[in-house]
Amino acid sequence: MRLLFVLLLTLVAALLAPNAAGARALANLDHLHFLGDRVAPPQQTGHTTWRLGREPSVGVLWTYADVSDGGFRRLGGGTYDAATNTYGQGAFNADDLSRAAVVYLRHWRATGSERSRREAYELLRGLTYLQTASGPNAGNVVLWMQPDGTLNPSAEPIELPDPSDSGPSYWLARTVWALGEGYRAFAREDRAFAGFLRERLDLAIAAVDRQVLVRYGEHLTVDGQQVPAWLVADGADATAEAMLGLAAYVDAGGSGPARRALRRLGEGVAALAAGSPRDWPYGALMPWALSRSIWHAWGGLMPAALARTGDRELLEPALADAASFTPHLLVAGGPDNGWLPTPGDRTQIAYGADSRLQSLLAVARAARRSGLRRLAGVSAAWYFGANAADAPMYDPATGVTFDGVAPDGTINRNSGAESTIHGQLSMLALDAAPDVARWARVAGVARRTTRRVLEAEDSTLSGGARAVQPPDAWTGEALWSGGRYAELPPGSQAAFGAVATESSLVEAVALRTEGAAGGTTHWGALGTLDHFGAGPQGASPAPGVLEVRRLDVLQPGEPLTARQGASGTTALDAVQVQPLVETLTLRGGGGAQALLRSFGSRPRVGAVELPGSGKATAAAYDARGRLAGRVRTRGPRIEITIPPGGFAIAER
């Protein structure tokens with residue numbers, strides 16, 4: 001009875017606990033609890049976990065939760081067979097078990113919640129059961145488990161690797177993340193369990209060593225460029241999540257192999273930094289080594305992972321991603337699911353929003369750049385209305401994070417494991433940073449001025465130019481914007497008219513061919529572009545590279561025309577018209593804020609009108625997030641000089 005009373009008091013305290021600023025906590029684990037379950041798995045060769053004989057049930061998490069009769073219905077993945085009570089994929093998966101364990105671990109460490117400690121313990125037991133403990137695949141992880149606890153190594157539809165524990169994978173990387181944070185949390189609290197987690201983490205690190213880092217120092221050719229061959233599943237995104245676990249492990253004492261793996265994986269991730277403040281992708285860390293044309297917000301924890309290494313050299317590309325690329329991303333619309341290279345998938349999910357927030361906070365802390373912390377407030381506003389729906393994506397009263405928002409503003413009001421997990425990771429971060437949380441509440445979109453994408457096939461085509469619709473918009477490594485492109489043979493042209501309403505950079509999106517077939521486009525005073533000589537295809541899924549190339553500045557009223565040269569044929573996909581200073585203005589929560597990002601080649605004055613009355617302030621930062629200037633005013637309009645490629649934040 002006394003134990004029950006203590007548990008009840010702990011639960012009440014957790015529910016009523018204010019954050020550091022005295023406000024009610026944003027994190028609410030109720031919906032995550034709802035997704036949780038227990039299962040007693042049958043005996044399966046190569047799979048066991050901590051104290052399975054004494055504690056036969058382990059923690060699991062349902063994959064999906066669909067709206068049903070005013071509530072939610074828990075579901076697995078793939079086609080359901082009622083006769084066998086199985087799914088084509090499974091009910092529970094290692095990706096979600098691992099990340100949910102991280103939520104509970106962080107909540108336990110932040111609040112002392114006994115329930116979160118217990119849930120983390122059970123989920124880590126469930127996760128390590130999915131890990132293959134012996135044999136040639138030791139250390140790897142089976143992705144899917146059925147409702148009765150049986151494993152499904154070969155899911156339908158097929159996922160690679162197949163079987164899922166036969167090679168390096170996203171779920172192996174996420175297992176390393178959870179085990180690293182688990183070891184750090186339990187190291188002093190339960191040394192025996194921590195010792196078990198360490199054994200399993202070392203087993204996972206050994207799998208990474210023999211399958212991934214065995215290629216350390218080797219490179220792959222991808223459309224003429226050299227990229228690291230030692231990334232988990234060829235992804236900087238997957239690799240970064242493993243690095244978060246390795247960093248936590250190293251913080252808690254770790255091992256020599258863990259330190260070596262962290263450094264080497266970090267070098268691979270940093271090698272995928274691309275662009276400059278004025279050239280696509282504007283300093284972003286690219287997620288997939290096999291494409292030079294893809295960036296996506298989901299899984300974008302690369303800056304956070306590099307920041308956590310403690311290595312100043314590896315911090316530099318993280319700074320470029322945070323201070324140069326991310327301000328543009330936020331002004332342009334937020335954490336899109338895919339720039340391919342144009343924004344071809346503008347659906348947005350919590351996984352992407354959380355990745356931006358976590359990365360900004362981690363880089364701000366490591367580099368001591370307060371401007372990035374302030375930028376994190378703009379980023380987190382996505383949860384409270386700064387999105388295409390202009391509506392909240394998170395409900396603090398229930399802990400529900402919706403599954404996504406479409407470009408037309410339609411909200412997917414289901415709330416599955418991934419959305420719930422990353423929503424809670426964000427809320428825990430905001431509870432620990434009340435200044436950031438305060439600005440995240442200023443979230444209503446009042447005005448946005450940013451780049452426009454003009455489809456080449458919709459321009460006025462002449463001289464033999466024609467619109468082409470390929471059999472598939474997806475090339476294997478990029479996406480034709482709008483599903484079509486304009487084919488420009490020698491002597492043809494594409495006329496776009498006077499498309500700039502203010503001084504703007506022009507960016508041409510076209511296929512650079514492997515050989516000499518691509519030709520040359522002439523853009524008058526804006527410049528000339530060659531679209532050939534991409535280099536050998538190598539490991540790339542498709543020959544050539546669909547790329548964004550910068551031209552010069554177009555003034556209002558000036559016509560924009562592409563004229564094809566005397567030889568070669570160019571596949572012109574689109575034109576992006578980018579204002580030299582783009583702006584996003586948000587209001588609500590009793591205040592207003594604006595984000596400005598400069599594409600100028602020299603310091604440029606940015607101006608914005610902030611809603612409301614009273615004193616307004618603005619701070620400008622350079623492309624590495626260093627403070628460059630401040631201004632104050634009481635008028636509606638605020639002006640500030642922004643360094644080349646830098647950003648500014650104004651607030652009232």
# chains A, B, ... in the order shown; residues from 1 in each chain; ligands from 1

$ residues_around --residues "segment 443-454 of chain A" --least-positions-apart "6" --cutoff "8 Å" --atoms "only C-alpha atoms" --output "MDAnalysis selection string"
chainID A and resid 331:332 342 378 381:382 384:387 390:391 574:579 582:589

$ residues_around --residues "Leu526 of chain A" --least-positions-apart "6" --cutoff "9 Å" --atoms "only C-alpha atoms" --output "list of chain:residue names"
A:Val506, A:Leu551, A:Asp552, A:Val553, A:Leu554, A:Leu560

$ residues_around --residues "Gln424 of chain A" --least-positions-apart "5" --cutoff "10 Å" --atoms "only C-alpha atoms" --output "number ranges by chain"
A: 26-29, 31-32, 100, 103-104, 106-107, 350, 354, 394, 396, 399-401, 418-419, 429-430

$ closest_residue --among "A:Gly149, A:Gly404, A:Pro471, A:Pro281" --to "Arg550 of chain A" --atoms "only C-alpha atoms"
A:Pro281

$ atom_distance --atom1 "atom CA of Pro556 of chain A" --atom2 "atom CA of Phe496 of chain A"
13.1 Å

$ select_by_dssp --residues "segment 200-287 of chain A" --states "strand (DSSP E)" --output "list of chain:residue names"
A:His219, A:Leu220, A:Thr221, A:Val222, A:Gln225, A:Gln226, A:Val227, A:Pro228

$ write_last_selection --atoms "N, CA and C atoms" --output "compact mmCIF listing (two decimals), in the first residue's frame"
# COMPACT_ATOMS: atom_id res chain seq x y z
N HIS A 219 36.30 5.31 -50.71
CA HIS A 219 35.30 6.22 -51.26
C HIS A 219 34.57 5.58 -52.43
N LEU A 220 33.36 6.06 -52.64
CA LEU A 220 32.55 5.67 -53.78
C LEU A 220 32.50 6.84 -54.76
N THR A 221 32.44 6.52 -56.05
CA THR A 221 32.22 7.54 -57.05
C THR A 221 30.72 7.69 -57.28
N VAL A 222 30.23 8.92 -57.16
CA VAL A 222 28.81 9.22 -57.38
C VAL A 222 28.74 10.42 -58.33
N GLN A 225 31.81 12.58 -58.26
CA GLN A 225 32.32 13.03 -56.98
C GLN A 225 32.65 11.84 -56.09
N GLN A 226 33.58 12.05 -55.17
CA GLN A 226 33.97 11.01 -54.23
C GLN A 226 33.21 11.21 -52.91
N VAL A 227 32.58 10.15 -52.43
CA VAL A 227 31.83 10.20 -51.18
C VAL A 227 32.29 9.06 -50.28
N PRO A 228 32.15 9.21 -48.96
CA PRO A 228 32.63 8.17 -48.04
C PRO A 228 31.86 6.87 -48.20

$ select_by_dssp --residues "segment 26-74 of chain A" --states "helix (DSSP H, G or I)" --output "VMD selection string"
chain A and resid 30 to 35

$ write_last_selection --atoms "C-alpha atoms" --output "PDB file, in the first residue's frame"
ATOM      1  CA  ASP A  30       0.038   9.933 -22.095  1.00  0.00           C
ATOM      2  CA  HIS A  31      -0.277   9.028 -25.788  1.00  0.00           C
ATOM      3  CA  LEU A  32       3.110   7.319 -25.768  1.00  0.00           C
ATOM      4  CA  HIS A  33       1.906   5.256 -22.794  1.00  0.00           C
ATOM      5  CA  PHE A  34      -1.188   4.343 -24.822  1.00  0.00           C
ATOM      6  CA  LEU A  35       0.992   2.993 -27.630  1.00  0.00           C
TER       7      LEU A  35
END

$ residues_around --residues "segment 484-492 of chain A" --least-positions-apart "2" --cutoff "10 Å" --atoms "only C-alpha atoms" --output "number ranges by chain"
A: 455-459, 461-473, 479-482, 494, 509-511, 518-521, 562-574

$ closest_residue --among "A:Ala607, A:Ala594, A:Ala623, A:Ile349" --to "Arg652 of chain A" --atoms "only C-alpha atoms"
A:Ala594

$ closest_residue --among "A:Ala432, A:Leu213, A:Ala120, A:Val176" --to "Ala23 of chain A" --atoms "only C-alpha atoms"
A:Ala432

$ closest_residue --among "A:Arg312, A:Gly409, A:Asp395, A:Arg73" --to "Ala366 of chain A" --atoms "only C-alpha atoms"
A:Arg312

$ residues_around --residues "Arg109 of chain A" --least-positions-apart "6" --cutoff "12 Å" --atoms "only C-alpha atoms" --output "ChimeraX atom specification"
/A:102-103,115-117,120,181-182,184-186,189,428,432

$ write_last_selection --atoms "N, CA and C atoms" --output "PDB file, in the first residue's frame"
ATOM      1  N   VAL A 102      14.537   6.260 -25.827  1.00  0.00           N
ATOM      2  CA  VAL A 102      15.254   7.525 -25.640  1.00  0.00           C
ATOM      3  C   VAL A 102      14.339   8.565 -24.998  1.00  0.00           C
ATOM      4  N   VAL A 103      13.069   8.620 -25.427  1.00  0.00           N
ATOM      5  CA  VAL A 103      12.118   9.559 -24.806  1.00  0.00           C
ATOM      6  C   VAL A 103      12.007   9.290 -23.317  1.00  0.00           C
ATOM      7  N   ARG A 115       7.877   6.060 -13.385  1.00  0.00           N
ATOM      8  CA  ARG A 115       7.243   5.347 -14.484  1.00  0.00           C
ATOM      9  C   ARG A 115       8.115   5.401 -15.739  1.00  0.00           C
ATOM     10  N   SER A 116       8.704   6.537 -16.025  1.00  0.00           N
ATOM     11  CA  SER A 116       9.548   6.639 -17.208  1.00  0.00           C
ATOM     12  C   SER A 116      10.785   5.752 -17.075  1.00  0.00           C
ATOM     13  N   ARG A 117      11.318   5.654 -15.876  1.00  0.00           N
ATOM     14  CA  ARG A 117      12.439   4.731 -15.664  1.00  0.00           C
ATOM     15  C   ARG A 117      12.018   3.305 -15.975  1.00  0.00           C
ATOM     16  N   ALA A 120      11.427   2.800 -19.750  1.00  0.00           N
ATOM     17  CA  ALA A 120      12.702   2.733 -20.460  1.00  0.00           C
ATOM     18  C   ALA A 120      13.345   1.366 -20.270  1.00  0.00           C
ATOM     19  N   GLU A 181      22.340   5.861 -24.825  1.00  0.00           N
ATOM     20  CA  GLU A 181      21.663   6.709 -23.836  1.00  0.00           C
ATOM     21  C   GLU A 181      21.196   5.875 -22.651  1.00  0.00           C
ATOM     22  N   GLY A 182      20.825   4.609 -22.901  1.00  0.00           N
ATOM     23  CA  GLY A 182      20.420   3.733 -21.813  1.00  0.00           C
ATOM     24  C   GLY A 182      21.559   3.447 -20.864  1.00  0.00           C
ATOM     25  N   ARG A 184      24.207   5.298 -20.312  1.00  0.00           N
ATOM     26  CA  ARG A 184      24.524   6.507 -19.550  1.00  0.00           C
ATOM     27  C   ARG A 184      23.532   6.720 -18.416  1.00  0.00           C
ATOM     28  N   ALA A 185      22.249   6.460 -18.652  1.00  0.00           N
ATOM     29  CA  ALA A 185      21.232   6.697 -17.635  1.00  0.00           C
ATOM     30  C   ALA A 185      21.288   5.681 -16.499  1.00  0.00           C
ATOM     31  N   PHE A 186      21.574   4.415 -16.819  1.00  0.00           N
ATOM     32  CA  PHE A 186      21.527   3.362 -15.808  1.00  0.00           C
ATOM     33  C   PHE A 186      22.880   3.076 -15.159  1.00  0.00           C
ATOM     34  N   GLU A 189      22.649   3.995 -11.578  1.00  0.00           N
ATOM     35  CA  GLU A 189      21.389   3.655 -10.916  1.00  0.00           C
ATOM     36  C   GLU A 189      21.174   2.148 -10.811  1.00  0.00           C
ATOM     37  N   LEU A 428      10.421  17.788 -24.622  1.00  0.00           N
ATOM     38  CA  LEU A 428      11.413  17.686 -23.550  1.00  0.00           C
ATOM     39  C   LEU A 428      12.520  18.722 -23.745  1.00  0.00           C
ATOM     40  N   ALA A 432      13.298  22.064 -21.250  1.00  0.00           N
ATOM     41  CA  ALA A 432      14.629  22.360 -20.725  1.00  0.00           C
ATOM     42  C   ALA A 432      15.142  23.716 -21.190  1.00  0.00           C
TER      43      ALA A 432
END

$ residues_around --residues "Arg215 of chain A" --least-positions-apart "3" --cutoff "10 Å" --atoms "only C-alpha atoms" --output "ChimeraX atom specification"
/A:209-212,218-219,228-231

$ atom_distance --atom1 "atom CA of His531 of chain A" --atom2 "atom CA of Thr513 of chain A"
6.3 Å

$ atom_distance --atom1 "atom CA of Pro611 of chain A" --atom2 "atom CA of Ala592 of chain A"
6.1 Å
